[in-house]
Structures are given as structure tokens and as C-alpha cells.
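Structure file work-v3.cif with mmCIF, N, CA and C atoms:
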data_input
#
loop_
_atom_site.label_atom_id
_atom_site.label_comp_id
_atom_site.auth_asym_id
_atom_site.auth_seq_id
_atom_site.Cartn_x
_atom_site.Cartn_y
_atom_site.Cartn_z
N PRO F 19 82.97 129.31 100.64
CA PRO F 19 83.67 128.69 99.53
C PRO F 19 84.81 127.80 100.01
N ALA F 20 85.52 128.21 101.09
CA ALA F 20 86.63 127.40 101.56
C ALA F 20 86.17 126.08 102.14
N ALA F 21 84.88 126.00 102.50
CA ALA F 21 84.35 124.76 103.08
C ALA F 21 84.22 123.66 102.05
N ALA F 22 84.04 124.04 100.78
CA ALA F 22 83.85 123.02 99.74
C ALA F 22 85.04 122.08 99.61
N PRO F 23 86.30 122.60 99.52
CA PRO F 23 87.42 121.66 99.45
C PRO F 23 87.53 120.82 100.71
N ALA F 24 87.26 121.44 101.86
CA ALA F 24 87.33 120.67 103.11
C ALA F 24 86.30 119.56 103.10
N ALA F 25 85.11 119.85 102.60
CA ALA F 25 84.06 118.83 102.53
C ALA F 25 84.46 117.73 101.55
N ALA F 26 85.07 118.12 100.45
CA ALA F 26 85.49 117.13 99.46
C ALA F 26 86.58 116.23 100.03
N HIS F 27 87.52 116.85 100.77
CA HIS F 27 88.58 116.06 101.38
C HIS F 27 88.02 115.14 102.46
N ALA F 28 87.01 115.62 103.19
CA ALA F 28 86.36 114.78 104.20
C ALA F 28 85.67 113.60 103.53
N ALA F 29 85.04 113.86 102.37
CA ALA F 29 84.38 112.78 101.64
C ALA F 29 85.40 111.74 101.18
N LEU F 30 86.55 112.22 100.74
CA LEU F 30 87.60 111.30 100.31
C LEU F 30 88.08 110.46 101.48
N ALA F 31 88.19 111.07 102.64
CA ALA F 31 88.63 110.34 103.83
C ALA F 31 87.60 109.30 104.25
N GLN F 32 86.34 109.52 103.88
CA GLN F 32 85.28 108.59 104.24
C GLN F 32 85.08 107.51 103.19
N ALA F 33 85.87 107.49 102.13
CA ALA F 33 85.74 106.47 101.09
C ALA F 33 85.90 105.09 101.72
N PRO F 34 85.31 104.07 101.10
CA PRO F 34 85.26 102.75 101.73
C PRO F 34 86.60 102.04 101.89
N VAL F 35 87.68 102.54 101.33
CA VAL F 35 88.96 101.87 101.45
C VAL F 35 89.37 101.80 102.92
N GLY F 36 89.69 100.62 103.39
CA GLY F 36 90.13 100.42 104.75
C GLY F 36 89.01 100.19 105.74
N ARG F 37 87.79 100.32 105.31
CA ARG F 37 86.65 100.09 106.19
C ARG F 37 86.24 98.63 106.15
N ALA F 38 85.55 98.22 107.18
CA ALA F 38 84.98 96.87 107.18
C ALA F 38 83.86 96.84 106.15
N PRO F 39 83.74 95.77 105.38
CA PRO F 39 82.68 95.69 104.38
C PRO F 39 81.31 95.69 105.05
N ALA F 40 80.31 96.04 104.28
CA ALA F 40 78.94 96.01 104.78
C ALA F 40 78.55 94.58 105.09
N PRO F 41 77.60 94.38 106.00
CA PRO F 41 77.18 93.01 106.33
C PRO F 41 76.80 92.23 105.07
N GLY F 42 77.26 91.00 105.01
CA GLY F 42 76.99 90.16 103.85
C GLY F 42 77.98 90.31 102.73
N MET F 43 78.91 91.28 102.85
CA MET F 43 79.88 91.54 101.79
C MET F 43 81.15 90.72 101.98
N GLY F 44 81.32 90.07 103.13
CA GLY F 44 82.51 89.29 103.37
C GLY F 44 83.60 90.13 104.00
N SER F 45 84.69 89.47 104.37
CA SER F 45 85.80 90.20 104.96
C SER F 45 87.07 89.38 104.87
N CYS F 46 88.19 90.06 105.06
CA CYS F 46 89.49 89.42 104.99
C CYS F 46 89.95 89.07 106.40
N THR F 47 90.38 87.83 106.59
CA THR F 47 90.86 87.39 107.90
C THR F 47 92.12 86.55 107.73
N GLY F 48 92.79 86.37 108.84
CA GLY F 48 93.91 85.44 108.89
C GLY F 48 93.37 84.08 109.26
N ASP F 49 94.23 83.22 109.79
CA ASP F 49 93.78 81.86 110.11
C ASP F 49 93.19 81.75 111.52
N GLY F 50 93.16 82.85 112.25
CA GLY F 50 92.54 82.84 113.57
C GLY F 50 93.47 82.45 114.71
N THR F 51 94.70 82.11 114.40
CA THR F 51 95.66 81.74 115.45
C THR F 51 96.37 82.99 115.97
N PRO F 52 97.03 82.90 117.12
CA PRO F 52 97.75 84.06 117.65
C PRO F 52 98.87 84.56 116.72
N THR F 53 99.36 83.69 115.85
CA THR F 53 100.46 84.09 114.95
C THR F 53 99.96 84.37 113.53
N GLN F 54 98.67 84.58 113.35
CA GLN F 54 98.14 84.82 112.01
C GLN F 54 98.74 86.07 111.39
N ASN F 55 98.62 86.22 110.09
CA ASN F 55 99.09 87.41 109.39
C ASN F 55 98.26 88.58 109.91
N PRO F 56 98.89 89.52 110.64
CA PRO F 56 98.13 90.62 111.25
C PRO F 56 97.61 91.64 110.25
N ASN F 57 98.09 91.59 109.02
CA ASN F 57 97.69 92.58 108.02
C ASN F 57 96.36 92.24 107.35
N CYS F 58 95.91 91.01 107.48
CA CYS F 58 94.69 90.59 106.77
C CYS F 58 93.49 91.47 107.09
N ILE F 59 93.29 91.78 108.36
CA ILE F 59 92.09 92.53 108.75
C ILE F 59 92.07 93.95 108.19
N PHE F 60 93.22 94.44 107.74
CA PHE F 60 93.28 95.79 107.17
C PHE F 60 93.14 95.79 105.66
N ASN F 61 92.98 94.61 105.07
CA ASN F 61 92.87 94.52 103.61
C ASN F 61 91.41 94.67 103.22
N PRO F 62 91.05 95.79 102.57
CA PRO F 62 89.63 96.06 102.29
C PRO F 62 89.08 95.40 101.03
N THR F 63 89.95 94.83 100.20
CA THR F 63 89.45 94.29 98.94
C THR F 63 89.54 92.77 98.89
N ARG F 64 88.57 92.20 98.22
CA ARG F 64 88.53 90.74 98.08
C ARG F 64 89.77 90.24 97.34
N SER F 65 90.10 90.87 96.21
CA SER F 65 91.25 90.40 95.44
C SER F 65 92.56 90.61 96.18
N GLY F 66 92.70 91.77 96.85
CA GLY F 66 93.91 92.02 97.63
C GLY F 66 94.07 90.99 98.73
N CYS F 67 92.97 90.62 99.34
CA CYS F 67 92.99 89.63 100.41
C CYS F 67 93.37 88.25 99.89
N THR F 68 92.69 87.81 98.84
CA THR F 68 92.91 86.44 98.36
C THR F 68 94.27 86.26 97.71
N TRP F 69 94.95 87.37 97.37
CA TRP F 69 96.32 87.28 96.83
C TRP F 69 97.36 87.52 97.92
N SER F 70 96.95 87.67 99.17
CA SER F 70 97.89 87.89 100.27
C SER F 70 98.13 86.58 101.02
N PRO F 71 99.38 86.12 101.10
CA PRO F 71 99.66 84.89 101.84
C PRO F 71 99.18 84.98 103.28
N GLY F 72 98.57 83.92 103.75
CA GLY F 72 98.08 83.87 105.12
C GLY F 72 96.71 84.46 105.32
N CYS F 73 96.17 85.10 104.28
CA CYS F 73 94.85 85.72 104.38
C CYS F 73 93.83 84.93 103.56
N ASN F 74 92.57 85.08 103.94
CA ASN F 74 91.50 84.44 103.17
C ASN F 74 90.25 85.29 103.25
N TRP F 75 89.45 85.22 102.20
CA TRP F 75 88.18 85.93 102.13
C TRP F 75 87.09 84.89 102.25
N GLU F 76 86.57 84.74 103.46
CA GLU F 76 85.55 83.74 103.75
C GLU F 76 85.95 82.35 103.24
N GLY F 77 87.22 82.01 103.48
CA GLY F 77 87.72 80.69 103.13
C GLY F 77 88.28 80.57 101.73
N GLU F 78 88.32 81.65 100.97
CA GLU F 78 88.86 81.64 99.61
C GLU F 78 90.27 82.21 99.59
N SER F 79 91.14 81.61 98.78
CA SER F 79 92.51 82.07 98.62
C SER F 79 93.02 81.66 97.24
N HIS F 80 93.72 82.57 96.56
CA HIS F 80 94.29 82.24 95.25
C HIS F 80 95.40 81.20 95.37
N PHE F 81 95.87 80.98 96.57
CA PHE F 81 96.92 79.98 96.79
C PHE F 81 96.32 78.62 97.15
N ASP F 82 95.00 78.51 97.07
CA ASP F 82 94.26 77.29 97.43
C ASP F 82 94.42 76.91 98.89
N GLY F 83 94.80 77.88 99.72
CA GLY F 83 94.93 77.65 101.15
C GLY F 83 95.93 78.62 101.74
N TRP F 84 96.30 78.37 102.98
CA TRP F 84 97.25 79.24 103.65
C TRP F 84 98.05 78.42 104.66
N CYS F 85 99.21 78.93 105.00
CA CYS F 85 100.12 78.25 105.89
C CYS F 85 99.92 78.77 107.31
N SER F 86 99.81 77.86 108.25
CA SER F 86 99.54 78.22 109.64
C SER F 86 100.66 77.69 110.52
N GLY F 87 100.95 78.40 111.58
CA GLY F 87 102.00 77.97 112.51
C GLY F 87 102.66 79.18 113.13
N SER F 88 103.98 79.25 113.03
CA SER F 88 104.71 80.37 113.61
C SER F 88 104.57 81.60 112.71
N LEU F 89 105.12 82.73 113.16
CA LEU F 89 105.07 83.95 112.35
C LEU F 89 105.75 83.76 111.00
N ALA F 90 106.77 82.92 110.94
CA ALA F 90 107.46 82.67 109.67
C ALA F 90 106.56 81.90 108.70
N CYS F 91 105.62 81.17 109.22
CA CYS F 91 104.76 80.33 108.39
C CYS F 91 103.71 81.14 107.62
N VAL F 92 103.10 82.11 108.28
CA VAL F 92 101.92 82.76 107.72
C VAL F 92 102.18 83.56 106.45
N TYR F 93 103.42 83.83 106.12
CA TYR F 93 103.73 84.57 104.90
C TYR F 93 104.13 83.63 103.76
N THR F 94 104.01 82.33 103.99
CA THR F 94 104.36 81.33 102.98
C THR F 94 103.13 81.02 102.14
N SER F 95 103.31 80.98 100.81
CA SER F 95 102.16 80.77 99.93
C SER F 95 102.21 79.45 99.18
N ASN F 96 103.14 78.58 99.55
CA ASN F 96 103.31 77.32 98.84
C ASN F 96 103.20 76.16 99.83
N PRO F 97 102.35 75.16 99.54
CA PRO F 97 102.17 74.04 100.46
C PRO F 97 103.46 73.26 100.76
N SER F 98 104.31 73.09 99.75
CA SER F 98 105.56 72.34 99.95
C SER F 98 106.51 73.09 100.89
N VAL F 99 106.66 74.38 100.67
CA VAL F 99 107.54 75.20 101.51
C VAL F 99 106.96 75.25 102.92
N CYS F 100 105.66 75.34 103.00
CA CYS F 100 104.99 75.37 104.30
C CYS F 100 105.31 74.10 105.09
N ALA F 101 105.14 72.96 104.46
CA ALA F 101 105.39 71.67 105.13
C ALA F 101 106.86 71.51 105.51
N SER F 102 107.76 71.94 104.59
CA SER F 102 109.19 71.78 104.88
C SER F 102 109.66 72.73 105.98
N SER F 103 108.86 73.73 106.30
CA SER F 103 109.20 74.68 107.36
C SER F 103 108.62 74.26 108.70
N GLY F 104 107.99 73.08 108.73
CA GLY F 104 107.38 72.61 109.96
C GLY F 104 106.05 73.27 110.28
N CYS F 105 105.41 73.78 109.25
CA CYS F 105 104.14 74.48 109.42
C CYS F 105 103.01 73.59 108.90
N THR F 106 101.79 74.04 109.05
CA THR F 106 100.63 73.28 108.61
C THR F 106 99.90 74.01 107.50
N TRP F 107 99.68 73.32 106.38
CA TRP F 107 98.93 73.91 105.27
C TRP F 107 97.44 73.68 105.51
N VAL F 108 96.66 74.76 105.46
CA VAL F 108 95.21 74.69 105.63
C VAL F 108 94.58 74.92 104.26
N ALA F 109 93.88 73.92 103.76
CA ALA F 109 93.26 74.03 102.43
C ALA F 109 92.12 75.05 102.46
N ALA F 110 91.98 75.78 101.37
CA ALA F 110 90.88 76.74 101.24
C ALA F 110 89.55 75.99 101.27
N LYS F 111 88.52 76.64 101.76
CA LYS F 111 87.21 76.01 101.85
C LYS F 111 86.59 75.79 100.47
N ARG F 112 86.92 76.69 99.53
CA ARG F 112 86.37 76.61 98.18
C ARG F 112 87.27 77.42 97.24
N PRO F 113 87.15 77.20 95.93
CA PRO F 113 87.92 78.01 94.98
C PRO F 113 87.48 79.47 95.04
N VAL F 114 88.34 80.37 94.61
CA VAL F 114 88.02 81.79 94.58
C VAL F 114 86.88 82.03 93.59
N ASN F 115 85.88 82.76 94.03
CA ASN F 115 84.76 83.14 93.16
C ASN F 115 85.22 84.34 92.34
N MET F 116 85.72 84.06 91.14
CA MET F 116 86.30 85.11 90.31
C MET F 116 85.27 86.15 89.88
N THR F 117 84.04 85.75 89.65
CA THR F 117 83.00 86.70 89.25
C THR F 117 82.76 87.71 90.38
N ALA F 118 82.59 87.21 91.58
CA ALA F 118 82.37 88.10 92.73
C ALA F 118 83.58 88.99 92.95
N GLU F 119 84.79 88.44 92.77
CA GLU F 119 86.00 89.23 92.97
C GLU F 119 86.07 90.37 91.96
N ARG F 120 85.78 90.07 90.70
CA ARG F 120 85.82 91.11 89.66
C ARG F 120 84.75 92.17 89.90
N GLU F 121 83.57 91.75 90.32
CA GLU F 121 82.49 92.70 90.59
C GLU F 121 82.85 93.64 91.73
N MET F 122 83.45 93.10 92.80
CA MET F 122 83.84 93.94 93.93
C MET F 122 84.98 94.89 93.54
N ASP F 123 85.93 94.41 92.74
CA ASP F 123 87.01 95.28 92.29
C ASP F 123 86.47 96.42 91.43
N ALA F 124 85.53 96.10 90.53
CA ALA F 124 84.94 97.13 89.67
C ALA F 124 84.17 98.15 90.49
N ALA F 125 83.42 97.69 91.47
CA ALA F 125 82.65 98.60 92.32
C ALA F 125 83.59 99.51 93.11
N GLY F 126 84.68 98.95 93.62
CA GLY F 126 85.66 99.75 94.36
C GLY F 126 86.32 100.79 93.48
N ALA F 127 86.66 100.41 92.26
CA ALA F 127 87.28 101.35 91.33
C ALA F 127 86.30 102.46 90.96
N ARG F 128 85.05 102.09 90.76
CA ARG F 128 84.02 103.08 90.42
C ARG F 128 83.84 104.08 91.57
N THR F 129 83.78 103.58 92.80
CA THR F 129 83.63 104.46 93.97
C THR F 129 84.84 105.38 94.10
N ALA F 130 86.03 104.85 93.91
CA ALA F 130 87.24 105.68 94.00
C ALA F 130 87.23 106.77 92.93
N ALA F 131 86.86 106.42 91.71
CA ALA F 131 86.82 107.40 90.62
C ALA F 131 85.79 108.50 90.91
N GLU F 132 84.63 108.11 91.42
CA GLU F 132 83.60 109.10 91.77
C GLU F 132 84.07 110.02 92.88
N THR F 133 84.75 109.48 93.88
CA THR F 133 85.25 110.28 94.99
C THR F 133 86.32 111.25 94.51
N ILE F 134 87.21 110.79 93.66
CA ILE F 134 88.26 111.65 93.12
C ILE F 134 87.65 112.77 92.28
N LYS F 135 86.66 112.44 91.46
CA LYS F 135 86.00 113.46 90.63
C LYS F 135 85.30 114.49 91.51
N ALA F 136 84.61 114.05 92.56
CA ALA F 136 83.93 114.99 93.46
C ALA F 136 84.94 115.93 94.13
N THR F 137 86.07 115.39 94.55
CA THR F 137 87.12 116.20 95.18
C THR F 137 87.68 117.20 94.18
N ASP F 138 87.91 116.74 92.96
CA ASP F 138 88.44 117.57 91.89
C ASP F 138 87.46 118.69 91.55
N ASP F 139 86.18 118.36 91.41
CA ASP F 139 85.16 119.36 91.08
C ASP F 139 85.04 120.42 92.17
N ALA F 140 85.07 119.98 93.44
CA ALA F 140 84.97 120.92 94.56
C ALA F 140 86.17 121.86 94.57
N ALA F 141 87.35 121.33 94.31
CA ALA F 141 88.56 122.16 94.29
C ALA F 141 88.49 123.16 93.14
N ARG F 142 87.99 122.73 92.01
CA ARG F 142 87.89 123.59 90.83
C ARG F 142 86.92 124.76 91.09
N GLN F 143 85.86 124.51 91.82
CA GLN F 143 84.85 125.54 92.08
C GLN F 143 85.35 126.64 93.00
N THR F 144 86.26 126.32 93.87
CA THR F 144 86.70 127.30 94.87
C THR F 144 88.10 127.85 94.63
N ALA F 145 88.78 127.36 93.63
CA ALA F 145 90.16 127.80 93.38
C ALA F 145 90.19 129.22 92.83
N LEU F 146 91.16 130.00 93.29
CA LEU F 146 91.35 131.35 92.78
C LEU F 146 92.04 131.32 91.43
N CYS F 147 92.79 130.29 91.19
CA CYS F 147 93.54 130.14 89.95
C CYS F 147 92.74 129.24 89.01
N GLN F 148 92.38 129.75 87.87
CA GLN F 148 91.62 128.95 86.90
C GLN F 148 92.41 128.89 85.60
N GLY F 149 92.56 127.70 85.06
CA GLY F 149 93.25 127.55 83.79
C GLY F 149 92.23 127.49 82.66
N GLY F 150 92.73 127.39 81.46
CA GLY F 150 91.84 127.37 80.30
C GLY F 150 91.32 125.98 79.97
N GLY F 151 91.80 124.96 80.68
CA GLY F 151 91.33 123.61 80.42
C GLY F 151 92.07 122.93 79.28
N GLY F 152 93.03 123.61 78.68
CA GLY F 152 93.77 123.04 77.56
C GLY F 152 94.87 122.12 78.03
N ILE F 153 95.59 121.56 77.08
CA ILE F 153 96.63 120.60 77.42
C ILE F 153 97.81 121.23 78.14
N PHE F 154 97.96 122.56 78.04
CA PHE F 154 99.07 123.23 78.70
C PHE F 154 98.68 123.84 80.05
N GLU F 155 97.45 123.59 80.49
CA GLU F 155 96.99 124.10 81.78
C GLU F 155 97.79 123.44 82.90
N ASN F 156 98.14 124.23 83.90
CA ASN F 156 98.81 123.67 85.07
C ASN F 156 97.77 122.84 85.83
N PRO F 157 97.95 121.51 85.94
CA PRO F 157 96.94 120.69 86.59
C PRO F 157 96.77 120.96 88.07
N TRP F 158 97.73 121.63 88.69
CA TRP F 158 97.65 121.90 90.14
C TRP F 158 97.01 123.25 90.42
N CYS F 159 96.76 124.03 89.38
CA CYS F 159 96.20 125.37 89.54
C CYS F 159 94.91 125.34 90.36
N LYS F 160 94.06 124.38 90.12
CA LYS F 160 92.76 124.32 90.80
C LYS F 160 92.89 124.11 92.31
N TYR F 161 94.05 123.70 92.77
CA TYR F 161 94.24 123.48 94.20
C TYR F 161 94.84 124.68 94.93
N ILE F 162 95.08 125.77 94.20
CA ILE F 162 95.64 126.98 94.80
C ILE F 162 94.48 127.83 95.26
N TYR F 163 94.47 128.19 96.53
CA TYR F 163 93.36 128.96 97.11
C TYR F 163 93.70 130.41 97.24
#
Could you quickly redo this structure as C-alpha cells?
Amino acid sequence: PAAAPAAAHAALAQAPVGRAPAPGMGSCTGDGTPTQNPNCIFNPTRSGCTWSPGCNWEGESHFDGWCSGSLACVYTSNPSVCASSGCTWVAAKRPVNMTAEREMDAAGARTAAETIKATDDAARQTALCQGGGGIFENPWCKYIY
């Protein structure tokens, strides 16, 4: 019985957040220079990536491009500020595909909800403390072993 919560927690740790997308799903990158935004590669979502200055999802950015140059440049999201800082504005390859972005966000939310429910169900099955399920039930009771 104690293995069930451990398995559920392991499943949660294996959720797709922070993983590289499957082949063909795209990925978040910086501009490829030594001073690129180092956080881009850790951004697992299309929308999170395209809203992050200096990052792009296969050439897409909500800022219509990104600023390249020194470390101070890559966090700039405005072409005018980029140019006035002595940096180079790189235009996005294409506009953001909003349909694809919404679909990926919905799929990620669905996966997260399913993982949370599986973890919750596993904890409920093995908990020594069981509540009545009413509005006054202690919500943490199911996690007491």
C-alpha cells in the first residue's frame, strides 16, 4: 500500500513539464549566440517561450522578434530599446501560430490535471485518515499515512 503514493509521486515527477518536447513538437531556444537568454531551453511551453524576451519557438515570438547582443540585450522585448542599447533586433521568422499555442497549452493543462488526479487518487487509497468527503473535510487528511 505504501508503494502507491510513491508511484503516484514518481508519475508526477515524470510529467512532461521541463522535458524536451517530442520530435516534431518544436522547442524553445535563444538566439544561438554565446550571450543568448540561458533560460529559453528550460521553458517547456510554447506560450511561455514566445512570451519570454530573447526566446523563440521555432522562430515565433509574441514580441515579433528578439534582441541579440550582450547579456543586457537578450532580456529586452522592444525593438526601439534594443537599438538604443547598441543591440541588434532579430525579426521573428513568422507570426505566432495562436491555434497551435492554444492547443499545446490545453494539452499541457489536461496532462497536469490528470497527473494531479492520479496522485490524489493514489494518496486517498492508501491514507489511514479518511474524511467524509464533505465541505468540512480536512483536505490534507488523505496524505496522512
### Query
What do you get, as a list in words, if you spell out every residue that the PyMOL selection byres ((chain F and resi 74-80) around 7) selects here?
Gly44, Ser45, Cys46, Thr47, Gly48, Asp49, Cys58, Arg64, Cys67, Thr68, Trp69, Ser70, Pro71, Gly72, Cys73, Phe81, Asp82, Gly83, Trp84, Ala109, Ala110, Lys111, Arg112, Pro113, Val114 and Asn115 of chain F
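In the backbone-derived DSSP annotation, strand (DSSP E or B) within segment 66-140 of chain F comprises Asn74, Trp75, Glu78, Gly83, Trp84, Cys85, Ser86, Thr106, Trp107, Val108 and Ala109 of chain F.
Among the candidates F:Gln54, F:Asn156, F:Thr137, F:Asn61, the one nearest to Val92 of chain F when counting all atoms listed in the file is F:Gln54.
Here the question is which of F:Val108, F:Cys159, F:Ala101, F:Cys85 gets nearest to Ala141 of chain F using only C-alpha atoms, and that residue is F:Cys159.
The coordinates place atom C of Thr129 of chain F at 14.3 Å from atom C of Thr63 of chain F.
The interatomic distance for the pair atom CA of Thr51 of chain F and atom CA of Gly87 of chain F works out to 7.9 Å.
Interatomic distance, atom N of Gly126 of chain F to atom CA of Arg142 of chain F: 25.0 Å.
With distances restricted to only N, CA and C atoms, F:Asn55 is the closest residue to Cys91 of chain F from F:Asn55, F:Ala130, F:Arg120, F:Gly152.
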Just so I have it separately, write segment 79-92 of chain F from the block I sent, keeping N, CA, C and O atoms, as a compact mmCIF listing (two decimals), in the first residue's frame.
# COMPACT_ATOMS: atom_id res chain seq x y z
N SER F 79 7.68 34.58 -31.91
CA SER F 79 7.79 35.36 -30.68
C SER F 79 6.64 36.36 -30.63
O SER F 79 6.31 36.98 -31.64
N HIS F 80 6.01 36.50 -29.46
CA HIS F 80 4.93 37.49 -29.31
C HIS F 80 5.45 38.92 -29.43
O HIS F 80 4.67 39.85 -29.60
N PHE F 81 6.76 39.08 -29.35
CA PHE F 81 7.35 40.41 -29.47
C PHE F 81 7.75 40.70 -30.92
O PHE F 81 8.39 41.70 -31.20
N ASP F 82 7.38 39.81 -31.83
CA ASP F 82 7.72 39.91 -33.26
C ASP F 82 9.23 39.86 -33.51
O ASP F 82 9.71 40.34 -34.53
N GLY F 83 9.97 39.32 -32.56
CA GLY F 83 11.41 39.18 -32.70
C GLY F 83 12.07 39.16 -31.34
O GLY F 83 11.41 39.06 -30.32
N TRP F 84 13.39 39.26 -31.35
CA TRP F 84 14.14 39.25 -30.11
C TRP F 84 15.40 40.07 -30.28
O TRP F 84 15.87 40.30 -31.39
N CYS F 85 15.93 40.53 -29.17
CA CYS F 85 17.10 41.38 -29.16
C CYS F 85 18.34 40.53 -28.93
O CYS F 85 18.38 39.68 -28.05
N SER F 86 19.35 40.75 -29.75
CA SER F 86 20.57 39.95 -29.69
C SER F 86 21.76 40.88 -29.44
O SER F 86 21.78 42.02 -29.89
N GLY F 87 22.74 40.37 -28.74
CA GLY F 87 23.95 41.16 -28.45
C GLY F 87 24.52 40.74 -27.12
O GLY F 87 24.72 39.56 -26.87
N SER F 88 24.73 41.70 -26.24
CA SER F 88 25.30 41.40 -24.92
C SER F 88 24.23 40.79 -24.02
O SER F 88 23.05 40.70 -24.39
N LEU F 89 24.63 40.39 -22.82
CA LEU F 89 23.67 39.83 -21.87
C LEU F 89 22.55 40.81 -21.54
O LEU F 89 21.42 40.41 -21.29
N ALA F 90 22.85 42.10 -21.55
CA ALA F 90 21.82 43.11 -21.26
C ALA F 90 20.80 43.17 -22.39
O ALA F 90 19.66 43.58 -22.18
N CYS F 91 21.17 42.78 -23.56
CA CYS F 91 20.29 42.88 -24.72
C CYS F 91 19.19 41.81 -24.73
O CYS F 91 18.05 42.09 -25.06
N VAL F 92 19.55 40.59 -24.38
CA VAL F 92 18.64 39.47 -24.59
C VAL F 92 17.37 39.51 -23.75
O VAL F 92 16.42 38.79 -24.05
